[in-house]
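Listing of work.pdb; format and content: PDB, C-alpha atoms and all ligand atoms.
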MODEL        1
ATOM      1  CA  MET A   1     -19.346  21.476 -18.509
ATOM      2  CA  THR A   2     -16.948  24.116 -17.245
ATOM      3  CA  GLU A   3     -14.727  24.104 -14.250
ATOM      4  CA  ASP A   4     -14.458  26.875 -11.749
ATOM      5  CA  PRO A   5     -10.929  28.156 -12.294
ATOM      6  CA  ASP A   6     -10.616  28.809  -8.571
ATOM      7  CA  LEU A   7     -11.053  25.096  -7.985
ATOM      8  CA  ALA A   8      -8.768  23.888 -10.751
ATOM      9  CA  PRO A   9      -6.021  21.661  -9.384
ATOM     10  CA  ASP A  10      -2.380  22.447  -9.471
ATOM     11  CA  PRO A  11      -0.710  19.696 -11.499
ATOM     12  CA  THR A  12       1.696  18.885  -8.684
ATOM     13  CA  PRO A  13       0.317  16.606  -5.974
ATOM     14  CA  ASP A  14      -1.040  18.310  -2.882
ATOM     15  CA  LEU A  15      -0.925  15.218  -0.712
ATOM     16  CA  ALA A  16       1.475  12.277  -0.507
ATOM     17  CA  GLU A  17      -1.083  10.128   1.251
ATOM     18  CA  PRO A  18      -4.698   9.315   0.490
ATOM     19  CA  VAL A  19      -7.635  11.205   1.881
ATOM     20  CA  ALA A  20      -9.635   9.034   4.302
ATOM     21  CA  GLY A  21     -13.422   9.113   4.431
ATOM     22  CA  TRP A  22     -16.323   7.040   5.690
ATOM     23  CA  ARG A  23     -18.860   5.308   3.507
ATOM     24  CA  VAL A  24     -21.156   2.345   3.138
ATOM     25  CA  TRP A  25     -21.196  -0.615   0.783
ATOM     26  CA  ARG A  26     -23.646  -3.412   0.224
ATOM     27  CA  VAL A  27     -22.254  -6.929   0.421
ATOM     28  CA  HIS A  28     -22.885  -9.472  -2.313
ATOM     29  CA  THR A  29     -21.604 -12.970  -2.154
ATOM     30  CA  GLY A  30     -20.658 -14.682  -5.366
ATOM     31  CA  ALA A  31     -18.450 -17.529  -6.437
ATOM     32  CA  GLY A  32     -15.336 -15.583  -5.517
ATOM     33  CA  GLY A  33     -16.573 -14.716  -2.044
ATOM     34  CA  PRO A  34     -18.066 -11.547  -0.592
ATOM     35  CA  GLU A  35     -17.878  -8.415  -2.695
ATOM     36  CA  ILE A  36     -18.466  -4.835  -1.604
ATOM     37  CA  VAL A  37     -20.816  -3.000  -3.931
ATOM     38  CA  SER A  38     -21.892   0.618  -4.281
ATOM     39  CA  PRO A  39     -25.171   1.172  -2.392
ATOM     40  CA  VAL A  40     -26.551   3.384  -5.156
ATOM     41  CA  ARG A  41     -25.736   1.404  -8.287
ATOM     42  CA  PRO A  42     -24.783  -2.209  -9.029
ATOM     43  CA  VAL A  43     -21.078  -1.609  -9.318
ATOM     44  CA  GLY A  44     -18.690  -3.702  -7.273
ATOM     45  CA  TRP A  45     -15.455  -2.404  -5.831
ATOM     46  CA  PRO A  46     -12.848  -4.863  -7.092
ATOM     47  CA  ALA A  47     -10.639  -6.796  -4.702
ATOM     48  CA  ARG A  48      -6.961  -5.888  -4.759
ATOM     49  CA  ARG A  49      -7.466  -3.380  -7.555
ATOM     50  CA  ARG A  50      -8.253   0.258  -7.153
ATOM     51  CA  MET A  51     -11.785   1.432  -7.800
ATOM     52  CA  THR A  52     -11.907   4.199 -10.365
ATOM     53  CA  ALA A  53     -14.896   6.452 -10.873
ATOM     54  CA  ALA A  54     -16.497   7.029 -14.253
ATOM     55  CA  CYS A  55     -18.970   9.753 -15.191
ATOM     56  CA  ASP A  56     -22.351   9.091 -16.801
ATOM     57  CA  ARG A  57     -22.415  12.647 -18.090
ATOM     58  CA  GLY A  58     -19.133  12.315 -19.905
ATOM     59  CA  CYS A  59     -16.699  14.317 -17.800
ATOM     60  CA  ALA A  60     -13.272  13.843 -19.355
ATOM     61  CA  THR A  61     -11.708  13.875 -15.920
ATOM     62  CA  VAL A  62     -13.480  12.632 -12.809
ATOM     63  CA  PRO A  63     -14.556  14.177 -10.579
ATOM     64  CA  THR A  64     -15.283  17.748 -11.625
ATOM     65  CA  PRO A  65     -16.573  20.454  -9.274
ATOM     66  CA  THR A  66     -19.667  21.144 -11.366
ATOM     67  CA  CYS A  67     -20.766  17.520 -11.713
ATOM     68  CA  GLY A  68     -21.770  14.964  -9.122
ATOM     69  CA  CYS A  69     -19.380  12.266 -10.296
ATOM     70  CA  GLY A  70     -16.674  10.534  -8.312
ATOM     71  CA  LEU A  71     -16.346   8.109  -5.422
ATOM     72  CA  TYR A  72     -18.059   9.520  -2.338
ATOM     73  CA  ALA A  73     -17.107   9.452   1.302
ATOM     74  CA  LEU A  74     -17.965  11.484   4.378
ATOM     75  CA  ALA A  75     -15.379  13.246   6.485
ATOM     76  CA  ASP A  76     -16.975  11.771   9.620
ATOM     77  CA  PRO A  77     -19.241   8.749  10.029
ATOM     78  CA  VAL A  78     -21.975  10.754  11.771
ATOM     79  CA  GLY A  79     -23.646  11.481   8.442
ATOM     80  CA  LEU A  80     -23.910   7.876   7.338
ATOM     81  CA  PRO A  81     -27.448   6.786   6.451
ATOM     82  CA  PRO A  82     -29.642   4.932   8.952
ATOM     83  CA  ASN A  83     -29.122   1.209   9.372
ATOM     84  CA  THR A  84     -25.551   1.586   8.288
ATOM     85  CA  ALA A  85     -23.617  -1.628   8.603
ATOM     86  CA  GLY A  86     -26.820  -3.590   9.051
ATOM     87  CA  GLN A  87     -29.176  -5.156   6.561
ATOM     88  CA  GLY A  88     -26.516  -6.441   4.223
ATOM     89  CA  ARG A  89     -24.266  -3.421   4.440
ATOM     90  CA  VAL A  90     -20.799  -2.786   5.726
ATOM     91  CA  VAL A  91     -19.343   0.522   6.771
ATOM     92  CA  GLY A  92     -15.732   1.430   6.365
ATOM     93  CA  CYS A  93     -13.056   4.009   6.080
ATOM     94  CA  THR A  94     -11.840   4.261   2.527
ATOM     95  CA  ALA A  95      -8.750   5.714   0.966
ATOM     96  CA  LEU A  96      -9.470   8.226  -1.787
ATOM     97  CA  TRP A  97      -6.869   9.609  -4.131
ATOM     98  CA  GLY A  98      -6.109  10.972  -7.549
ATOM     99  CA  ARG A  99      -8.265  13.980  -8.415
ATOM    100  CA  THR A 100     -10.147  14.704  -5.223
ATOM    101  CA  ILE A 101     -12.696  17.379  -4.403
ATOM    102  CA  GLU A 102     -12.985  18.277  -0.760
ATOM    103  CA  HIS A 103     -16.524  19.255   0.253
ATOM    104  CA  THR A 104     -17.712  20.829   3.470
ATOM    105  CA  GLY A 105     -18.737  17.390   4.756
ATOM    106  CA  GLY A 106     -16.807  14.883   2.704
ATOM    107  CA  PHE A 107     -15.034  14.095  -0.507
ATOM    108  CA  ARG A 108     -15.434  12.988  -4.091
ATOM    109  CA  ALA A 109     -12.451  11.313  -5.705
ATOM    110  CA  GLU A 110     -11.115   9.591  -8.754
ATOM    111  CA  HIS A 111      -9.742   6.439  -7.094
ATOM    112  CA  GLY A 112     -10.628   4.513  -3.972
ATOM    113  CA  TYR A 113      -9.844   1.423  -1.963
ATOM    114  CA  PRO A 114     -11.053   0.510   1.539
ATOM    115  CA  LEU A 115      -8.621   1.006   4.400
ATOM    116  CA  VAL A 116     -10.728  -0.828   6.981
ATOM    117  CA  LEU A 117     -14.171  -2.450   6.921
ATOM    118  CA  LEU A 118     -16.628  -3.012   9.766
ATOM    119  CA  VAL A 119     -19.157  -5.841   9.682
ATOM    120  CA  ARG A 120     -22.095  -5.888  12.027
ATOM    121  CA  THR A 121     -22.887  -9.206  13.611
ATOM    122  CA  ASP A 122     -26.458  -9.028  12.314
ATOM    123  CA  LEU A 123     -25.099  -9.497   8.825
ATOM    124  CA  ARG A 124     -25.148 -13.174   9.684
ATOM    125  CA  SER A 125     -28.850 -13.314   8.901
ATOM    126  CA  MET A 126     -28.140 -12.391   5.320
ATOM    127  CA  PHE A 127     -25.871 -15.355   4.936
ATOM    128  CA  ARG A 128     -27.916 -17.886   6.865
ATOM    129  CA  GLY A 129     -28.087 -21.185   5.067
ATOM    130  CA  ARG A 130     -25.115 -20.565   2.864
ATOM    131  CA  ALA A 131     -22.867 -23.557   3.077
ATOM    132  CA  ARG A 132     -19.867 -21.360   2.551
ATOM    133  CA  LEU A 133     -20.288 -19.893   5.996
ATOM    134  CA  ARG A 134     -21.064 -23.270   7.534
ATOM    135  CA  GLU A 135     -24.197 -22.018   9.239
ATOM    136  CA  GLY A 136     -25.417 -25.572   9.404
ATOM    137  CA  VAL A 137     -22.845 -26.553  11.952
ATOM    138  CA  LEU A 138     -23.025 -23.429  14.065
ATOM    139  CA  SER A 139     -25.676 -22.447  16.545
ATOM    140  CA  GLY A 140     -26.402 -20.062  19.377
ATOM    141  CA  SER A 141     -23.991 -17.349  20.405
ATOM    142  CA  ALA A 142     -21.031 -19.309  19.093
ATOM    143  CA  GLY A 143     -22.682 -19.423  15.703
ATOM    144  CA  ARG A 144     -23.388 -15.697  15.773
ATOM    145  CA  GLN A 145     -19.857 -14.827  16.580
ATOM    146  CA  SER A 146     -18.289 -17.229  14.142
ATOM    147  CA  SER A 147     -20.578 -16.275  11.277
ATOM    148  CA  GLY A 148     -19.825 -12.587  11.640
ATOM    149  CA  GLY A 149     -16.201 -13.523  11.983
ATOM    150  CA  LEU A 150     -16.227 -15.707   8.910
ATOM    151  CA  LEU A 151     -17.663 -12.952   6.779
ATOM    152  CA  ALA A 152     -15.120 -10.541   8.224
ATOM    153  CA  ARG A 153     -12.342 -13.016   7.593
ATOM    154  CA  ASP A 154     -13.488 -13.597   4.018
ATOM    155  CA  LEU A 155     -13.580  -9.861   3.353
ATOM    156  CA  ALA A 156     -10.154  -9.428   4.946
ATOM    157  CA  SER A 157      -8.731 -12.240   2.860
ATOM    158  CA  ARG A 158     -10.272 -11.154  -0.393
ATOM    159  CA  TYR A 159      -9.640  -7.441  -0.105
ATOM    160  CA  GLY A 160      -6.409  -7.630   1.873
ATOM    161  CA  VAL A 161      -7.555  -5.080   4.459
ATOM    162  CA  PRO A 162      -8.373  -5.294   8.181
ATOM    163  CA  VAL A 163     -12.012  -6.043   8.987
ATOM    164  CA  GLY A 164     -13.652  -5.649  12.368
ATOM    165  CA  VAL A 165     -16.841  -7.209  13.668
ATOM    166  CA  ILE A 166     -18.901  -4.625  15.534
ATOM    167  CA  PRO A 167     -21.784  -5.369  17.881
ATOM    168  CA  ASP A 168     -25.386  -5.141  16.702
ATOM    169  CA  HIS A 169     -25.931  -2.327  19.180
ATOM    170  CA  ALA A 170     -22.980  -0.276  17.894
ATOM    171  CA  ALA A 171     -23.960   3.366  17.705
ATOM    172  CA  LEU A 172     -24.225   3.733  13.941
ATOM    173  CA  PRO A 173     -24.790   6.267  12.641
ATOM    174  CA  GLY A 174     -25.914   8.210  15.707
ATOM    175  CA  ARG A 175     -23.880   9.054  18.797
ATOM    176  CA  ILE A 176     -20.604   8.516  17.037
ATOM    177  CA  ASP A 177     -17.540   9.730  18.850
ATOM    178  CA  VAL A 178     -16.297  12.047  16.105
ATOM    179  CA  PRO A 179     -12.823  12.672  17.555
ATOM    180  CA  GLY A 180     -12.480   8.919  18.049
ATOM    181  CA  ALA A 181     -13.522   8.249  14.462
ATOM    182  CA  ARG A 182     -10.888  10.730  13.299
ATOM    183  CA  VAL A 183      -8.285   8.776  15.229
ATOM    184  CA  VAL A 184      -9.444   5.622  13.432
ATOM    185  CA  ALA A 185      -9.174   7.313  10.037
ATOM    186  CA  LEU A 186      -5.757   8.742  10.864
ATOM    187  CA  GLU A 187      -4.491   5.401  12.116
ATOM    188  CA  ALA A 188      -5.950   3.631   9.095
ATOM    189  CA  THR A 189      -4.027   5.968   6.789
ATOM    190  CA  ARG A 190      -0.788   6.511   8.644
ATOM    191  CA  GLY A 191      -0.427   2.861   9.605
ATOM    192  CA  LEU A 192      -0.898   1.559   6.088
ATOM    193  CA  ALA A 193       2.760   0.852   5.348
ATOM    194  CA  ALA A 194       3.373  -0.725   8.741
ATOM    195  CA  ARG A 195       0.328  -2.987   8.489
ATOM    196  CA  ARG A 196       1.342  -3.972   4.991
ATOM    197  CA  ALA A 197       4.706  -5.012   6.407
ATOM    198  CA  GLY A 198       3.023  -7.164   9.045
ATOM    199  CA  ASP A 199       3.573  -4.874  12.022
ATOM    200  CA  LEU A 200       1.361  -6.335  14.748
ATOM    201  CA  GLY A 201       1.458  -3.122  16.731
ATOM    202  CA  ALA A 202       0.021  -1.178  13.804
ATOM    203  CA  HIS A 203      -2.828  -3.667  13.490
ATOM    204  CA  GLU A 204      -3.463  -3.468  17.206
ATOM    205  CA  ARG A 205      -3.515   0.330  17.220
ATOM    206  CA  LEU A 206      -6.103   0.396  14.474
ATOM    207  CA  ALA A 207      -8.222  -2.281  16.138
ATOM    208  CA  ALA A 208      -8.017  -0.517  19.498
ATOM    209  CA  ALA A 209      -9.010   2.828  17.999
ATOM    210  CA  ALA A 210     -11.969   1.283  16.176
ATOM    211  CA  ARG A 211     -13.130  -0.599  19.265
ATOM    212  CA  GLU A 212     -13.151   2.650  21.232
ATOM    213  CA  VAL A 213     -15.644   4.073  18.751
ATOM    214  CA  PHE A 214     -17.697   1.128  17.551
ATOM    215  CA  GLY A 215     -17.471  -1.419  20.347
ATOM    216  CA  HIS A 216     -15.665  -4.646  20.884
ATOM    217  CA  GLY A 217     -15.704  -7.510  18.470
ATOM    218  CA  ASP A 218     -13.396  -9.816  16.614
ATOM    219  CA  TRP A 219     -10.820  -8.284  14.362
ATOM    220  CA  PHE A 220      -9.350  -9.856  11.254
ATOM    221  CA  ALA A 221      -6.207  -8.886   9.450
ATOM    222  CA  PRO A 222      -4.824 -10.076   6.154
ATOM    223  CA  ALA A 223      -1.538 -11.891   6.397
ATOM    224  CA  ALA A 224       1.478  -9.748   5.691
TER     225      ALA A 224
ATOM    226  CA  MET B   1     -24.865  10.661   1.370
ATOM    227  CA  HIS B   2     -24.702  14.441   1.688
ATOM    228  CA  ILE B   3     -21.181  15.727   1.511
ATOM    229  CA  GLY B   4     -22.019  19.411   1.315
ATOM    230  CA  ARG B   5     -20.656  21.955  -1.097
ATOM    231  CA  PRO B   6     -17.258  21.795  -2.815
ATOM    232  CA  VAL B   7     -14.467  23.634  -1.064
ATOM    233  CA  ARG B   8     -11.303  22.895  -3.016
ATOM    234  CA  GLU B   9      -9.860  20.506  -5.502
ATOM    235  CA  LEU B  10      -6.633  18.686  -4.869
ATOM    236  CA  ILE B  11      -4.530  15.837  -6.130
ATOM    237  CA  ALA B  12      -3.476  13.049  -3.791
ATOM    238  CA  GLU B  13      -0.723  10.712  -4.905
ATOM    239  CA  PRO B  14      -0.122   8.274  -2.060
ATOM    240  CA  VAL B  15       3.461   7.185  -1.560
ATOM    241  CA  VAL B  16       2.140   3.899  -0.158
ATOM    242  CA  ASP B  17      -0.314   2.306  -2.560
ATOM    243  CA  PRO B  18      -3.588   1.767  -0.674
ATOM    244  CA  VAL B  19      -4.237  -1.288  -2.839
ATOM    245  CA  PRO B  20      -2.634  -4.478  -1.522
ATOM    246  CA  ALA B  21      -0.735  -6.742  -3.845
ATOM    247  CA  VAL B  22      -2.574  -9.448  -5.676
ATOM    248  CA  ASP B  23      -1.074 -12.482  -4.039
ATOM    249  CA  PRO B  24      -3.105 -15.664  -4.094
ATOM    250  CA  ALA B  25      -1.087 -16.933  -1.157
ATOM    251  CA  ASP B  26      -2.559 -14.127   0.954
ATOM    252  CA  GLU B  27      -6.093 -15.043   0.216
ATOM    253  CA  SER B  28      -6.387 -18.049   2.458
ATOM    254  CA  VAL B  29      -4.664 -16.770   5.548
ATOM    255  CA  ALA B  30      -6.481 -13.788   7.027
ATOM    256  CA  VAL B  31      -6.029 -14.106  10.735
ATOM    257  CA  ARG B  32      -7.837 -13.001  13.855
ATOM    258  CA  LEU B  33      -6.256 -10.375  16.027
ATOM    259  CA  ASP B  34      -6.791 -11.615  19.526
ATOM    260  CA  HIS B  35      -5.509 -10.002  22.704
ATOM    261  CA  GLY B  36      -2.310  -8.808  21.203
ATOM    262  CA  ALA B  37      -1.495 -11.798  19.075
ATOM    263  CA  PHE B  38      -2.603 -13.200  15.791
ATOM    264  CA  GLY B  39      -4.387 -16.489  15.853
ATOM    265  CA  PRO B  40      -6.249 -18.444  13.239
ATOM    266  CA  VAL B  41      -9.890 -17.722  12.590
ATOM    267  CA  GLY B  42     -10.833 -20.887  14.360
ATOM    268  CA  GLY B  43     -11.303 -21.222  18.048
ATOM    269  CA  PRO B  44     -13.409 -23.682  19.939
ATOM    270  CA  ASP B  45     -16.456 -22.145  18.231
ATOM    271  CA  ASP B  46     -15.181 -22.503  14.709
ATOM    272  CA  PRO B  47     -15.436 -26.143  13.617
ATOM    273  CA  GLY B  48     -14.034 -25.223  10.233
ATOM    274  CA  ALA B  49     -10.853 -23.859  11.685
ATOM    275  CA  ALA B  50      -7.474 -24.787  10.413
ATOM    276  CA  SER B  51      -4.683 -25.926  12.678
ATOM    277  CA  PRO B  52      -4.236 -23.827  15.815
ATOM    278  CA  ALA B  53      -0.724 -22.720  14.967
ATOM    279  CA  ARG B  54      -0.189 -19.074  15.816
ATOM    280  CA  LEU B  55       1.884 -16.619  13.880
TER     281      LEU B  55
HETATM  282 ZN    ZN C   1     -19.037  14.125 -14.173
ENDMDL
END
Transcribe the structure of this file into structure tokens.
Amino acid sequence: MTEDPDLAPDPTPDLAEPVAGWRVWRVHTGAGGPEIVSPVRPVGWPARRRMTAACDRGCATVPTPTCGCGLYALADPVGLPPNTAGQGRVVGCTALWGRTIEHTGGFRAEHGYPLVLLVRTDLRSMFRGRARLREGVLSGSAGRQSSGGLLARDLASRYGVPVGVIPDHAALPGRIDVPGARVVALEATRGLAARRAGDLGAHERLAAAAREVFGHGDWFAPAA
Amino acid sequence: MHIGRPVRELIAEPVVDPVPAVDPADESVAVRLDHGAFGPVGGPDDPGAASPARL
């Protein structure tokens, strides 16, 4: 497997911040709580540890331009597959870093970790009956809201990232406000240090930007 | 997920680590952002909520 010399990276870093892209995960719930999992293979993204890509074809470094390996994300959420963030899936903006290949519509990268996750309220159906989410004591609209919120809270707690609940009718993947989504990705990246330090304003800016694009819902943030 | 054709290769080394610290103390206290303030997950519709103290 050879690399195109025109695409070979300079050894010095090109960026001092991660690339931000949009992608989808499935959600599994195990003993440790909800886990985000690749939608194309049964590989979980670990909580509070970076995800690192491996190559089935044996690339010594991942990703390479001539192979399809690496962690994938789209530059804009408009290209996300149908039913995104429904049917047991979450959508999110992920940080990508390390060796990164920019494509015309997205990225492949060596390392990744979510910057922000969005849970649709209809994910509640997937968790119905699970004592962990206390469905048995919730009902009606209050139950809907709290169940989506509890999953969002559990993801926020486990992964240490902000998680928003978006309405069932949120325009995903169609009719996405692309400039608005770029603001979300920019805020998710640029506000990382401030959010990590517990800056409420940084959390609010990210939540406000996401609500502009995806609709209003509860928003959960990990404690600083 | 169709990301198109490769354009360029680069190396990103974030100054701020995108991965949060592993701190067990963090894992029980995610909070809800609510109208400009943090509150606990619980509200009147969350019977499992912890105390209503706000941060
Ligand atoms: Zn490969």
Practice problem: Write out as a count of residues only each polymer residue whose atoms come within 8 Å of stretch 34-40 of chain A, counting all atoms listed in the file; drop sequence neighbours fewer than 2 positions from it. | Solution: 19
Practice problem: List all protein, DNA and RNA residues that have at least one atom no more than 8 Å from any atom of ligand ZN 1 (chain C), counting all atoms listed in the file, and write them as number ranges by chain. | Solution: A: 54-64, 66-70
For chain B against chain A, which residues fall within 6 Å using all atoms listed in the file, given as a PDB file with C-alpha atoms, in the frame of the given file?
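Written out: result_3.pdb:
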ATOM      1  CA  ILE B   3     -21.181  15.727   1.511  1.00  0.00           C
ATOM      2  CA  GLY B   4     -22.019  19.411   1.315  1.00  0.00           C
ATOM      3  CA  ARG B   5     -20.656  21.955  -1.097  1.00  0.00           C
ATOM      4  CA  PRO B   6     -17.258  21.795  -2.815  1.00  0.00           C
ATOM      5  CA  VAL B   7     -14.467  23.634  -1.064  1.00  0.00           C
ATOM      6  CA  ARG B   8     -11.303  22.895  -3.016  1.00  0.00           C
ATOM      7  CA  GLU B   9      -9.860  20.506  -5.502  1.00  0.00           C
ATOM      8  CA  LEU B  10      -6.633  18.686  -4.869  1.00  0.00           C
ATOM      9  CA  ILE B  11      -4.530  15.837  -6.130  1.00  0.00           C
ATOM     10  CA  ALA B  12      -3.476  13.049  -3.791  1.00  0.00           C
ATOM     11  CA  GLU B  13      -0.723  10.712  -4.905  1.00  0.00           C
ATOM     12  CA  PRO B  14      -0.122   8.274  -2.060  1.00  0.00           C
ATOM     13  CA  VAL B  15       3.461   7.185  -1.560  1.00  0.00           C
ATOM     14  CA  VAL B  19      -4.237  -1.288  -2.839  1.00  0.00           C
ATOM     15  CA  PRO B  20      -2.634  -4.478  -1.522  1.00  0.00           C
ATOM     16  CA  VAL B  22      -2.574  -9.448  -5.676  1.00  0.00           C
ATOM     17  CA  ASP B  26      -2.559 -14.127   0.954  1.00  0.00           C
ATOM     18  CA  GLU B  27      -6.093 -15.043   0.216  1.00  0.00           C
ATOM     19  CA  VAL B  29      -4.664 -16.770   5.548  1.00  0.00           C
ATOM     20  CA  ALA B  30      -6.481 -13.788   7.027  1.00  0.00           C
ATOM     21  CA  VAL B  31      -6.029 -14.106  10.735  1.00  0.00           C
ATOM     22  CA  ARG B  32      -7.837 -13.001  13.855  1.00  0.00           C
ATOM     23  CA  LEU B  33      -6.256 -10.375  16.027  1.00  0.00           C
ATOM     24  CA  ASP B  45     -16.456 -22.145  18.231  1.00  0.00           C
TER      25      ASP B  45
END
Quiz prompt | Atomic distance atom CA of A:Val184 - atom CA of A:Ala209, expressed in Å with one decimal | solution =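 Calculated distance between atom CA of A:Val184 and atom CA of A:Ala209 is 5.4 Å.
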Can you sort out the box for stretch 99-107 of chain A, edges along x, y and z, all listed atoms in, 8 Å on every side, with centre and edge lengths in Å to one decimal, as AutoDock Vina command-line options?
--center_x -13.5 --center_y 17.4 --center_z -1.8 --size_x 26.5 --size_y 22.8 --size_z 29.2
Self-check item: atom CA of B:Asp17 to atom CA of A:Val119, distance in Å rounded to a single decimal
Solution: 23.9 Å
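The interatomic distance for the pair atom CA of A:Ala181 and atom CA of B:His2 works out to 18.1 Å.
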